[in-house]
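Peer 1: My structure is stored as model16.csv, with CSV, C-alpha atoms.
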```
chain,number,residue,atom,x,y,z
L,1,MET,CA,0.0,0.0,0.0
L,2,SER,CA,1.4,3.4,-0.9
L,3,TYR,CA,1.1,6.6,1.2
L,4,LEU,CA,-2.1,8.6,0.9
L,5,SER,CA,-2.2,11.9,-0.9
L,6,TYR,CA,-3.9,14.9,0.8
L,7,ASP,CA,-6.9,14.5,-1.6
L,8,GLU,CA,-7.2,10.9,-0.5
L,9,LEU,CA,-7.1,11.8,3.2
L,10,SER,CA,-9.8,14.4,2.7
L,11,THR,CA,-12.0,12.1,0.6
L,12,GLY,CA,-11.5,9.3,3.1
L,13,ILE,CA,-12.5,11.4,6.1
L,14,GLN,CA,-15.7,12.5,4.4
L,15,LEU,CA,-16.6,8.9,3.3
L,16,LEU,CA,-16.1,7.7,6.9
L,17,ALA,CA,-18.3,10.5,8.2
L,18,ASP,CA,-21.0,9.6,5.7
L,19,GLU,CA,-20.8,5.9,6.3
L,20,TYR,CA,-20.8,6.1,10.1
L,21,GLN,CA,-23.1,9.1,10.8
L,22,GLU,CA,-24.3,7.7,14.1
L,23,HIS,CA,-20.9,7.3,15.6
L,24,CYS,CA,-18.9,10.3,14.4
L,25,LEU,CA,-19.1,14.0,13.3
L,26,LEU,CA,-17.2,15.6,10.4
L,27,ILE,CA,-15.5,18.8,11.5
L,28,GLN,CA,-14.4,21.3,8.9
L,29,LEU,CA,-11.7,23.4,10.6
L,30,PRO,CA,-12.4,27.1,10.6
L,31,TYR,CA,-9.2,28.2,8.9
L,32,PRO,CA,-8.3,26.9,5.4
L,33,SER,CA,-4.6,26.3,4.9
L,34,ALA,CA,-2.2,29.1,3.6
L,35,GLU,CA,-2.9,27.8,0.1
L,36,THR,CA,-6.6,27.7,0.8
L,37,ARG,CA,-7.1,23.9,1.2
L,38,SER,CA,-10.0,22.8,3.5
L,39,ILE,CA,-8.9,20.9,6.5
L,40,TYR,CA,-11.0,18.1,8.1
L,41,ALA,CA,-11.2,16.2,11.4
L,42,LEU,CA,-13.5,13.6,12.8
L,43,ALA,CA,-15.0,13.5,16.3
L,44,LEU,CA,-15.6,9.8,17.1
L,45,GLY,CA,-18.2,9.1,19.8
L,46,ASP,CA,-21.9,8.4,20.2
L,47,ASN,CA,-22.4,11.6,22.1
L,48,GLN,CA,-21.7,14.7,20.0
L,49,ASN,CA,-21.2,17.2,22.7
L,50,LEU,CA,-18.3,19.6,23.1
L,51,GLU,CA,-18.2,19.0,26.8
L,52,VAL,CA,-17.8,15.3,26.6
L,53,THR,CA,-14.4,14.1,27.9
L,54,ALA,CA,-12.2,14.1,24.8
L,55,ALA,CA,-8.8,13.1,23.6
L,56,ILE,CA,-7.4,15.1,20.6
L,57,TYR,CA,-5.1,13.4,18.1
L,58,VAL,CA,-3.2,15.4,15.5
L,59,GLY,CA,-1.0,14.2,12.7
L,60,GLY,CA,0.9,15.7,9.8
L,61,VAL,CA,2.2,18.8,11.5
L,62,HIS,CA,5.6,18.0,10.0
L,63,ALA,CA,4.9,17.4,6.3
L,64,ARG,CA,7.8,15.0,5.5
L,65,GLU,CA,6.6,12.6,8.2
L,66,TRP,CA,4.1,10.8,5.9
L,67,ILE,CA,2.8,8.0,7.9
L,68,PRO,CA,1.0,9.6,10.9
L,69,PRO,CA,-1.9,11.0,8.7
L,70,ASP,CA,-2.4,7.6,7.1
L,71,ALA,CA,-2.2,5.8,10.4
L,72,LEU,CA,-4.8,8.2,12.0
L,73,LEU,CA,-7.2,7.9,9.0
L,74,PHE,CA,-7.1,4.1,9.2
L,75,LEU,CA,-7.4,4.2,13.0
L,76,CYS,CA,-10.6,6.1,12.5
L,77,ALA,CA,-11.8,3.5,10.0
L,78,ASP,CA,-11.0,0.6,12.3
L,79,LEU,CA,-12.7,2.1,15.4
L,80,LEU,CA,-15.8,3.1,13.4
L,81,GLU,CA,-16.1,-0.2,11.7
L,82,ALA,CA,-15.7,-2.0,15.0
L,83,ARG,CA,-18.3,0.2,16.7
L,84,SER,CA,-20.7,-0.3,13.9
L,85,ARG,CA,-20.3,-4.1,13.6
L,86,GLU,CA,-20.0,-4.5,17.4
L,87,THR,CA,-16.6,-6.2,17.3
L,88,GLY,CA,-13.2,-5.6,18.9
L,89,VAL,CA,-10.0,-4.6,17.0
L,90,ARG,CA,-6.7,-6.4,17.1
L,91,TYR,CA,-3.3,-5.0,16.1
L,92,GLY,CA,-0.7,-7.8,16.6
L,93,ASN,CA,-0.9,-8.7,20.2
L,94,SER,CA,-2.8,-5.6,21.2
L,95,TYR,CA,-6.6,-6.2,21.4
L,96,ILE,CA,-9.4,-3.8,22.2
L,97,ASN,CA,-12.5,-5.9,22.9
L,98,LYS,CA,-16.0,-4.9,21.8
L,99,GLU,CA,-17.0,-3.9,25.3
L,100,GLU,CA,-14.1,-1.5,25.4
L,101,ILE,CA,-14.9,-0.1,22.0
L,102,GLN,CA,-18.5,0.5,23.2
L,103,GLN,CA,-17.2,2.2,26.3
L,104,ILE,CA,-14.9,4.5,24.3
L,105,PHE,CA,-17.8,5.5,22.1
L,106,SER,CA,-20.3,5.9,24.9
L,107,ASN,CA,-18.1,7.9,27.3
L,108,LEU,CA,-15.5,9.7,25.3
L,109,GLN,CA,-14.9,11.6,22.1
L,110,LEU,CA,-11.8,11.0,20.1
L,111,VAL,CA,-11.2,14.1,18.0
L,112,ILE,CA,-8.8,13.1,15.3
L,113,LEU,CA,-7.2,15.6,12.9
L,114,PRO,CA,-5.2,13.3,10.5
L,115,CYS,CA,-3.4,16.0,8.6
L,116,ALA,CA,-2.9,19.4,10.1
L,117,ASN,CA,-0.6,20.7,7.3
L,118,PRO,CA,-2.0,19.8,3.9
L,119,ASP,CA,0.0,22.3,1.9
L,120,GLY,CA,3.3,21.0,3.3
L,121,ARG,CA,2.2,17.4,2.6
L,122,VAL,CA,1.3,18.2,-1.0
L,123,PHE,CA,4.7,19.9,-1.5
L,124,SER,CA,6.5,17.1,0.2
L,125,GLN,CA,4.8,14.5,-1.9
L,126,THR,CA,5.3,16.3,-5.2
L,127,VAL,CA,8.4,18.4,-5.0
L,128,ASP,CA,10.6,18.0,-2.0
L,129,PRO,CA,10.1,14.9,0.2
L,130,ASP,CA,12.3,16.6,2.9
L,131,TRP,CA,9.8,19.5,3.3
L,132,ARG,CA,8.6,20.0,6.9
L,133,LYS,CA,6.9,23.4,7.3
L,134,ASN,CA,3.7,24.7,5.9
L,135,ARG,CA,3.8,26.7,2.7
L,136,ALA,CA,3.0,30.3,3.7
L,137,PRO,CA,5.1,32.9,1.9
L,138,HIS,CA,7.2,35.1,4.1
L,139,PRO,CA,9.3,38.1,2.9
L,140,ARG,CA,13.1,38.0,3.3
L,141,ALA,CA,15.1,41.0,4.5
L,142,ASP,CA,16.5,41.4,0.9
L,143,GLY,CA,13.1,41.6,-0.7
L,144,GLY,CA,12.7,38.0,-1.8
L,145,ILE,CA,10.3,35.4,-0.4
L,146,CYS,CA,10.9,32.2,1.6
L,147,TYR,CA,8.2,29.7,2.3
L,148,GLY,CA,6.9,28.0,5.3
L,149,VAL,CA,6.7,28.1,9.1
L,150,ASP,CA,7.5,25.2,11.4
L,151,LEU,CA,4.0,24.7,12.9
L,152,ASN,CA,5.6,23.0,15.9
L,153,ARG,CA,7.4,26.3,16.8
L,154,ASN,CA,4.4,28.5,16.1
L,155,PHE,CA,2.2,28.0,19.2
L,156,ASP,CA,2.0,30.6,21.9
L,157,VAL,CA,4.1,28.7,24.4
L,158,ALA,CA,7.4,30.6,25.0
L,159,TRP,CA,7.1,31.5,21.3
L,160,ASP,CA,9.5,34.4,21.6
L,161,PHE,CA,12.5,32.2,22.0
L,162,LYS,CA,15.1,35.0,22.0
L,163,GLN,CA,13.4,36.4,25.1
L,164,ALA,CA,12.4,33.2,26.9
L,165,PHE,CA,15.5,31.1,26.5
L,166,ALA,CA,19.2,31.3,27.2
L,167,PRO,CA,21.0,32.0,23.9
L,168,GLY,CA,22.1,28.8,22.1
L,169,PHE,CA,19.9,26.5,24.2
L,170,VAL,CA,16.8,26.4,22.1
L,171,SER,CA,15.9,24.8,18.7
L,172,ALA,CA,14.2,27.6,16.9
L,173,SER,CA,15.0,30.2,14.2
L,174,ASP,CA,13.6,33.6,13.3
L,175,ASP,CA,15.0,33.3,9.7
L,176,PRO,CA,12.1,32.7,7.2
L,177,CYS,CA,14.6,30.9,5.0
L,178,ASN,CA,15.5,28.3,7.7
L,179,LYS,CA,14.3,25.1,6.1
L,180,TYR,CA,13.2,23.4,9.3
L,181,ILE,CA,12.6,25.5,12.4
L,182,TYR,CA,11.3,29.0,11.4
L,183,VAL,CA,9.0,30.1,14.2
L,184,GLY,CA,6.9,32.4,12.0
L,185,PRO,CA,6.3,36.2,12.3
L,186,ALA,CA,4.1,35.9,15.4
L,187,ALA,CA,2.7,33.3,17.7
L,188,ALA,CA,-0.1,31.4,16.1
L,189,SER,CA,0.4,33.4,12.9
L,190,GLU,CA,-0.4,30.3,10.7
L,191,PRO,CA,-3.9,29.2,9.9
L,192,GLU,CA,-2.9,25.5,10.5
L,193,THR,CA,-1.7,26.4,14.0
L,194,ARG,CA,-4.9,28.3,14.7
L,195,ASN,CA,-7.0,25.3,13.8
L,196,ILE,CA,-5.3,23.2,16.5
L,197,VAL,CA,-5.8,26.0,19.0
L,198,TRP,CA,-9.5,26.1,17.9
L,199,LEU,CA,-9.9,22.4,18.6
L,200,LEU,CA,-8.4,22.8,22.1
L,201,ASP,CA,-10.6,25.7,22.9
L,202,GLU,CA,-13.8,24.4,21.3
L,203,TYR,CA,-13.7,20.9,22.8
L,204,SER,CA,-13.8,22.0,26.4
L,205,GLY,CA,-13.9,18.4,27.6
L,206,ALA,CA,-10.4,17.7,26.1
L,207,ARG,CA,-8.2,16.1,28.7
L,208,TRP,CA,-5.5,14.5,26.5
L,209,TYR,CA,-3.5,15.7,23.5
L,210,LEU,CA,-1.4,13.5,21.3
L,211,ASP,CA,0.8,15.0,18.6
L,212,ILE,CA,1.8,12.0,16.3
L,213,HIS,CA,5.2,12.2,14.6
L,214,SER,CA,7.4,9.6,13.0
L,215,ALA,CA,11.0,10.8,13.1
L,216,ILE,CA,12.1,8.5,15.8
L,217,PRO,CA,10.6,5.7,17.8
L,218,ALA,CA,9.8,7.4,21.1
L,219,VAL,CA,7.1,8.7,23.3
L,220,PHE,CA,7.7,12.2,24.7
L,221,HIS,CA,5.7,14.0,27.3
L,222,SER,CA,5.7,17.5,28.8
L,223,TRP,CA,7.8,19.6,29.1
L,224,GLY,CA,10.1,20.4,26.3
L,225,LEU,CA,11.1,23.8,27.6
L,226,ASP,CA,13.5,22.7,30.4
L,227,GLU,CA,13.9,19.9,32.9
L,228,ASN,CA,10.8,19.3,35.0
L,229,GLN,CA,10.4,20.3,38.7
L,230,SER,CA,7.4,20.1,41.0
L,231,GLU,CA,8.4,22.3,43.9
L,232,THR,CA,8.2,25.9,42.7
L,233,PRO,CA,4.9,26.7,40.8
L,234,SER,CA,6.0,30.2,40.0
L,235,MET,CA,8.9,28.9,38.0
L,236,ASN,CA,7.0,28.5,34.8
L,237,PHE,CA,7.1,29.7,31.2
L,238,LEU,CA,4.6,32.5,31.8
L,239,ASN,CA,6.7,34.1,34.5
L,240,MET,CA,8.9,36.7,32.7
L,241,ILE,CA,11.2,37.0,35.7
L,242,HIS,CA,12.9,33.8,34.3
L,243,ASP,CA,13.3,35.1,30.8
L,244,GLY,CA,16.7,34.4,29.3
L,245,LYS,CA,17.4,31.5,31.7
L,246,ARG,CA,15.4,28.7,30.3
L,247,GLY,CA,16.7,25.7,28.3
L,248,ILE,CA,20.0,24.9,30.1
L,249,ALA,CA,20.2,21.3,31.1
L,250,GLY,CA,21.6,20.4,34.5
L,251,ASP,CA,21.3,23.8,36.1
L,252,ALA,CA,19.0,24.7,39.0
L,253,GLU,CA,18.4,28.3,38.0
L,254,TYR,CA,15.4,27.4,35.9
L,255,GLN,CA,13.3,24.2,35.6
L,256,GLU,CA,9.7,24.0,34.3
L,257,PHE,CA,7.0,23.5,36.8
L,258,ILE,CA,4.7,20.5,36.5
L,259,ASP,CA,2.4,19.3,39.2
L,260,ALA,CA,3.8,16.0,40.7
L,261,SER,CA,0.5,14.2,40.2
L,262,ASP,CA,0.3,15.4,36.5
L,263,LEU,CA,3.8,14.3,35.9
L,264,ALA,CA,3.1,10.8,37.4
L,265,GLU,CA,0.0,10.5,35.2
L,266,LEU,CA,1.9,11.6,32.1
L,267,GLU,CA,4.6,9.0,32.8
L,268,ARG,CA,2.0,6.3,33.5
L,269,LEU,CA,0.1,7.0,30.2
L,270,SER,CA,3.3,7.3,28.2
L,271,ASN,CA,4.6,4.0,29.4
L,272,LEU,CA,1.1,2.5,28.7
L,273,LEU,CA,1.3,3.8,25.2
L,274,ALA,CA,4.8,2.3,24.7
L,275,ASP,CA,3.5,-1.0,26.1
L,276,GLU,CA,0.7,-1.2,23.6
L,277,ILE,CA,3.0,-0.2,20.7
L,278,GLN,CA,5.3,-3.0,21.7
L,279,LYS,CA,2.5,-5.5,21.6
L,280,VAL,CA,1.7,-4.4,18.0
L,281,ARG,CA,5.1,-4.8,16.3
L,282,GLY,CA,7.5,-5.8,19.1
L,283,ASP,CA,9.5,-2.5,19.1
L,284,ARG,CA,10.1,-0.9,22.4
L,285,TYR,CA,9.8,2.9,22.3
L,286,ASP,CA,11.8,5.1,24.6
L,287,VAL,CA,9.7,7.1,27.1
L,288,SER,CA,10.9,10.4,28.5
L,289,ALA,CA,10.2,14.1,29.0
L,290,ALA,CA,10.6,16.0,25.7
L,291,PHE,CA,13.5,18.1,27.0
L,292,SER,CA,17.0,16.8,26.7
L,293,LEU,CA,19.4,18.1,24.1
L,294,TYR,CA,17.8,21.5,23.3
L,295,ALA,CA,14.7,23.2,24.5
L,296,THR,CA,11.8,23.7,22.0
L,297,SER,CA,9.8,26.9,21.9
L,298,GLY,CA,6.3,27.3,20.5
L,299,ALA,CA,5.3,23.7,20.7
L,300,VAL,CA,1.6,22.9,21.4
L,301,PHE,CA,0.3,23.3,24.9
L,302,PRO,CA,-1.3,20.2,26.2
L,303,PRO,CA,-4.5,20.4,28.2
O,1,MET,CA,23.6,11.0,-0.7
O,2,PRO,CA,22.6,12.1,2.8
O,3,LYS,CA,23.4,9.7,5.6
O,4,LYS,CA,21.7,9.0,8.9
O,5,LEU,CA,24.2,9.2,11.7
O,6,ARG,CA,24.2,8.1,15.4
O,7,VAL,CA,26.1,10.7,17.4
O,8,SER,CA,26.9,10.1,21.0
O,9,ALA,CA,28.9,11.6,23.9
O,10,GLU,CA,29.5,11.1,27.6
O,11,THR,CA,27.6,14.3,28.5
O,12,ILE,CA,24.7,16.3,27.1
O,13,THR,CA,26.9,19.4,27.2
O,14,GLU,CA,29.6,17.8,25.0
O,15,LEU,CA,27.0,16.5,22.6
O,16,ARG,CA,25.3,19.9,22.3
O,17,ASP,CA,28.6,21.7,21.9
O,18,PHE,CA,29.5,19.4,19.1
O,19,LEU,CA,26.2,19.7,17.3
O,20,SER,CA,26.2,23.4,17.5
O,21,GLY,CA,29.2,23.6,15.2
O,22,VAL,CA,27.8,21.3,12.5
O,23,ASP,CA,25.0,21.7,9.9
O,24,VAL,CA,22.8,18.6,10.4
O,25,ASP,CA,19.1,17.9,10.4
O,26,MET,CA,18.1,16.9,14.0
O,27,GLY,CA,14.6,15.6,13.0
O,28,CYS,CA,11.4,16.8,14.5
O,29,ARG,CA,12.7,17.3,18.0
O,30,PRO,CA,16.3,17.5,19.0
O,31,VAL,CA,16.5,14.9,21.8
O,32,ALA,CA,19.2,12.7,23.2
O,33,LEU,CA,18.5,9.4,24.8
O,34,LYS,CA,20.6,7.7,27.5
O,35,ARG,CA,22.1,4.4,26.2
O,36,ASP,CA,24.3,2.7,28.9
O,37,ASP,CA,26.6,5.6,29.9
O,38,ARG,CA,26.3,7.7,26.8
O,39,TYR,CA,23.9,10.3,25.4
O,40,VAL,CA,22.8,9.4,21.9
O,41,THR,CA,21.0,11.3,19.1
O,42,THR,CA,20.2,10.6,15.5
O,43,VAL,CA,20.9,13.2,12.8
O,44,VAL,CA,21.0,13.4,9.0
O,45,ALA,CA,24.0,15.0,7.3
O,46,ASP,CA,24.9,15.4,3.6
O,47,ASP,CA,28.2,14.1,2.3
O,48,GLY,CA,30.0,17.4,2.5
O,49,GLU,CA,29.0,17.9,6.1
O,50,LEU,CA,29.9,14.3,6.9
O,51,ASP,CA,33.5,15.0,5.8
O,52,ARG,CA,33.6,18.1,8.1
O,53,ILE,CA,32.1,16.1,11.0
O,54,SER,CA,34.8,13.4,10.6
O,55,ILE,CA,37.5,16.1,10.9
O,56,ARG,CA,35.9,17.9,13.8
O,57,ARG,CA,35.3,15.0,16.1
O,58,LEU,CA,36.6,15.7,19.6
O,59,GLY,CA,36.7,14.3,23.1
O,60,SER,CA,34.2,11.5,23.8
O,61,ILE,CA,32.2,12.2,20.6
O,62,SER,CA,31.4,9.2,18.6
O,63,VAL,CA,29.8,9.2,15.1
O,64,GLU,CA,28.5,6.1,13.5
O,65,VAL,CA,27.0,6.0,10.0
O,66,LEU,CA,23.7,4.1,10.2
O,67,GLU,CA,22.4,4.1,6.6
O,68,ASP,CA,21.8,6.1,3.5
O,69,VAL,CA,18.8,8.4,3.5
O,70,PRO,CA,16.5,7.4,0.6
O,71,SER,CA,16.8,9.8,-2.3
O,72,PRO,CA,14.0,12.2,-3.0
O,73,GLN,CA,13.3,10.3,-6.2
O,74,SER,CA,13.0,7.0,-4.4
O,75,ARG,CA,10.6,8.5,-1.8
O,76,LEU,CA,8.4,10.0,-4.5
O,77,ARG,CA,8.2,6.6,-6.1
O,78,MET,CA,6.4,5.4,-3.0
O,79,LEU,CA,3.4,7.4,-4.1
O,80,ARG,CA,0.8,6.8,-6.7
O,81,SER,CA,-1.4,9.1,-8.7
O,82,GLY,CA,-5.2,9.3,-8.4
O,83,ASN,CA,-7.6,9.0,-5.5
O,84,ARG,CA,-8.4,5.5,-4.5
O,85,PHE,CA,-11.5,6.7,-2.6
O,86,LEU,CA,-13.0,8.7,-5.3
O,87,ARG,CA,-15.5,6.0,-6.3
O,88,GLY,CA,-16.9,5.9,-2.9
O,89,LYS,CA,-15.0,3.0,-1.4
O,90,VAL,CA,-15.0,3.6,2.3
O,91,PRO,CA,-11.5,3.4,3.9
O,92,GLN,CA,-10.8,0.2,5.9
O,93,GLY,CA,-8.1,0.0,8.5
O,94,LEU,CA,-5.4,-2.6,9.0
O,95,GLY,CA,-6.7,-3.8,12.3
O,96,GLU,CA,-8.4,-7.2,12.5
O,97,LYS,CA,-12.1,-6.6,13.5
O,98,LYS,CA,-13.4,-9.6,15.6
```
Using the file provided, produce a representation of the structure as structure tokens.
Peer 2:
Amino acid sequence: MSYLSYDELSTGIQLLADEYQEHCLLIQLPYPSAETRSIYALALGDNQNLEVTAAIYVGGVHAREWIPPDALLFLCADLLEARSRETGVRYGNSYINKEEIQQIFSNLQLVILPCANPDGRVFSQTVDPDWRKNRAPHPRADGGICYGVDLNRNFDVAWDFKQAFAPGFVSASDDPCNKYIYVGPAAASEPETRNIVWLLDEYSGARWYLDIHSAIPAVFHSWGLDENQSETPSMNFLNMIHDGKRGIAGDAEYQEFIDASDLAELERLSNLLADEIQKVRGDRYDVSAAFSLYATSGAVFPP
Amino acid sequence: MPKKLRVSAETITELRDFLSGVDVDMGCRPVALKRDDRYVTTVVADDGELDRISIRRLGSISVEVLEDVPSPQSRLRMLRSGNRFLRGKVPQGLGEKK
């Protein structure tokens, strides 16, 4: 089976929504892409209510990582077919039985956006397979144009990396011509970023956020800004008193606050995810906080 | 042809210092994982940069070439034209429904 094009992803999502109307809702995201493509998601669940407890899955943020959008579309297909036919679903040695499928659809919504960055995917699948960003045009200082923003540096979480982080300790660039990590002209400047923000705001019952990539076999959890600490709540990315000190590994001057119970739950869920992945194909994914080598600014803020 | 490399060092600081001086693609998130007593990351470098990396290697830094990165042409050959759902065939996943 070959990878899906963006047209196929869009058609596939709409076909699933038509076929399984009782068990899902088609969402057309409010902001078309920079090149005006429509972007679709599916909300899987028998109760279509924005306040139902929800998990949000996003794929395709980085255009060159081709498999997550395909995997998310086919996950939707499997879950919807299993719900409709009242069966379970098996992937390798990982099995979700029919009662669990029914519980998921009765009690939760799975809001799944298979491809957040359609323009990047199209460009990556037709011109440059190494393309990662979106395709918005941005002027250069010399009057030319460079294309694309790294959507995973464009969210309003310590977006202003030159202010927030110690120099040289963050993976980000304010050069529109940087092929991989241009942060954009402003936080959430890109329509594709704003769609994800919209999902998080609109689905007030969202409790979990999964950003699916495929560069390396690992499960990362918050935070990616600095090492975690649970003793000093005021030491967090919103507190400007710590500007310029973030991102240095091994120092005590700044570490990102996370509630101890939240961290324990993130570690539990991340390990559970790695356990299930291992049951499918046998590969053991590493599990850790996202910060190690460099900090990352402007990545999405989990609920 | 670009190569995928495994770069490791005894400390995060040493690894970061080394990578800050080379032009490599660090993937979607620049992370280092602990393997035994070393910190390891995976990067992609083109041939010219690989030559520079070989010369620049210092201290506990170790660089291992893992594989060639598929060429753009070979990646594009993984795609097909057309829309396989256009005739209304509903997508079916790879999971076994039972």
Peer 1: Write out as a CSV table (one decimal) with C-alpha atoms, in the frame of the given file each polymer residue whose atoms come within 8 Å of O:Gly93, counting all atoms listed in the file; drop sequence neighbours fewer than 4 positions from it.
Peer 2:
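File written: selection18.csv
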```csv
chain,number,residue,atom,x,y,z
L,73,LEU,CA,-7.2,7.9,9.0
L,74,PHE,CA,-7.1,4.1,9.2
L,75,LEU,CA,-7.4,4.2,13.0
L,76,CYS,CA,-10.6,6.1,12.5
L,77,ALA,CA,-11.8,3.5,10.0
L,78,ASP,CA,-11.0,0.6,12.3
```
Peer 1: Using only C-alpha atoms, find the one residue out of O:Thr41, O:Thr11, O:Ala32, O:Leu5 that sits nearest to chain L.
Peer 2: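 Checking each of O:Thr41, O:Thr11, O:Ala32, O:Leu5 against chain L, counting only C-alpha atoms, the winner is O:Ala32.
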Peer 1: If I take atom CA of L:Arg132 and atom CA of L:Arg64, how far is one from the other in Å, to one decimal?
Peer 2: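 We find that atom CA of L:Arg132 and atom CA of L:Arg64 lie 5.3 Å from each other.
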Peer 1: What lies within 9 Å of L:Ser94 using all atoms listed in the file, ignoring chain neighbours under 5 positions off, as a PyMOL selection string?
Peer 2: chain L and resi 89+276-280
Peer 1: Please, which residues of chain O lie no more than 9 Å from chain L when the count uses all atoms listed in the file, and can they be set out as an MDAnalysis selection string?
Peer 2: chainID O and resid 12:13 15:16 20 25 27:33 41:42 71:73 75:76 78:86 88:98
Peer 1: Nearest to L:Tyr209: which of L:Pro118, L:Pro32, L:Pro68, L:Gly59 is it, counting all atoms listed in the file?
Peer 2: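 Distance minimum relative to L:Tyr209 lands on L:Gly59.
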Peer 1: Using the block above, I'd like stretch 52-71 of chain O written out, keeping C-alpha atoms and formatting it as an mmCIF file, in the first residue's frame.
Peer 2:
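out-v1.cif, freshly written:
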```cif
data_model
loop_
_atom_site.group_PDB
_atom_site.id
_atom_site.type_symbol
_atom_site.label_atom_id
_atom_site.label_comp_id
_atom_site.auth_asym_id
_atom_site.auth_seq_id
_atom_site.Cartn_x
_atom_site.Cartn_y
_atom_site.Cartn_z
ATOM 1 C CA ARG O 52 33.574 18.079 8.107
ATOM 2 C CA ILE O 53 32.130 16.070 11.016
ATOM 3 C CA SER O 54 34.830 13.432 10.624
ATOM 4 C CA ILE O 55 37.543 16.071 10.922
ATOM 5 C CA ARG O 56 35.877 17.924 13.769
ATOM 6 C CA ARG O 57 35.297 14.958 16.058
ATOM 7 C CA LEU O 58 36.595 15.745 19.555
ATOM 8 C CA GLY O 59 36.685 14.318 23.089
ATOM 9 C CA SER O 60 34.223 11.536 23.760
ATOM 10 C CA ILE O 61 32.194 12.238 20.615
ATOM 11 C CA SER O 62 31.435 9.163 18.550
ATOM 12 C CA VAL O 63 29.837 9.231 15.095
ATOM 13 C CA GLU O 64 28.452 6.109 13.466
ATOM 14 C CA VAL O 65 26.966 6.026 9.968
ATOM 15 C CA LEU O 66 23.714 4.069 10.169
ATOM 16 C CA GLU O 67 22.386 4.141 6.607
ATOM 17 C CA ASP O 68 21.821 6.145 3.456
ATOM 18 C CA VAL O 69 18.775 8.364 3.544
ATOM 19 C CA PRO O 70 16.495 7.442 0.639
ATOM 20 C CA SER O 71 16.836 9.830 -2.283
#
```
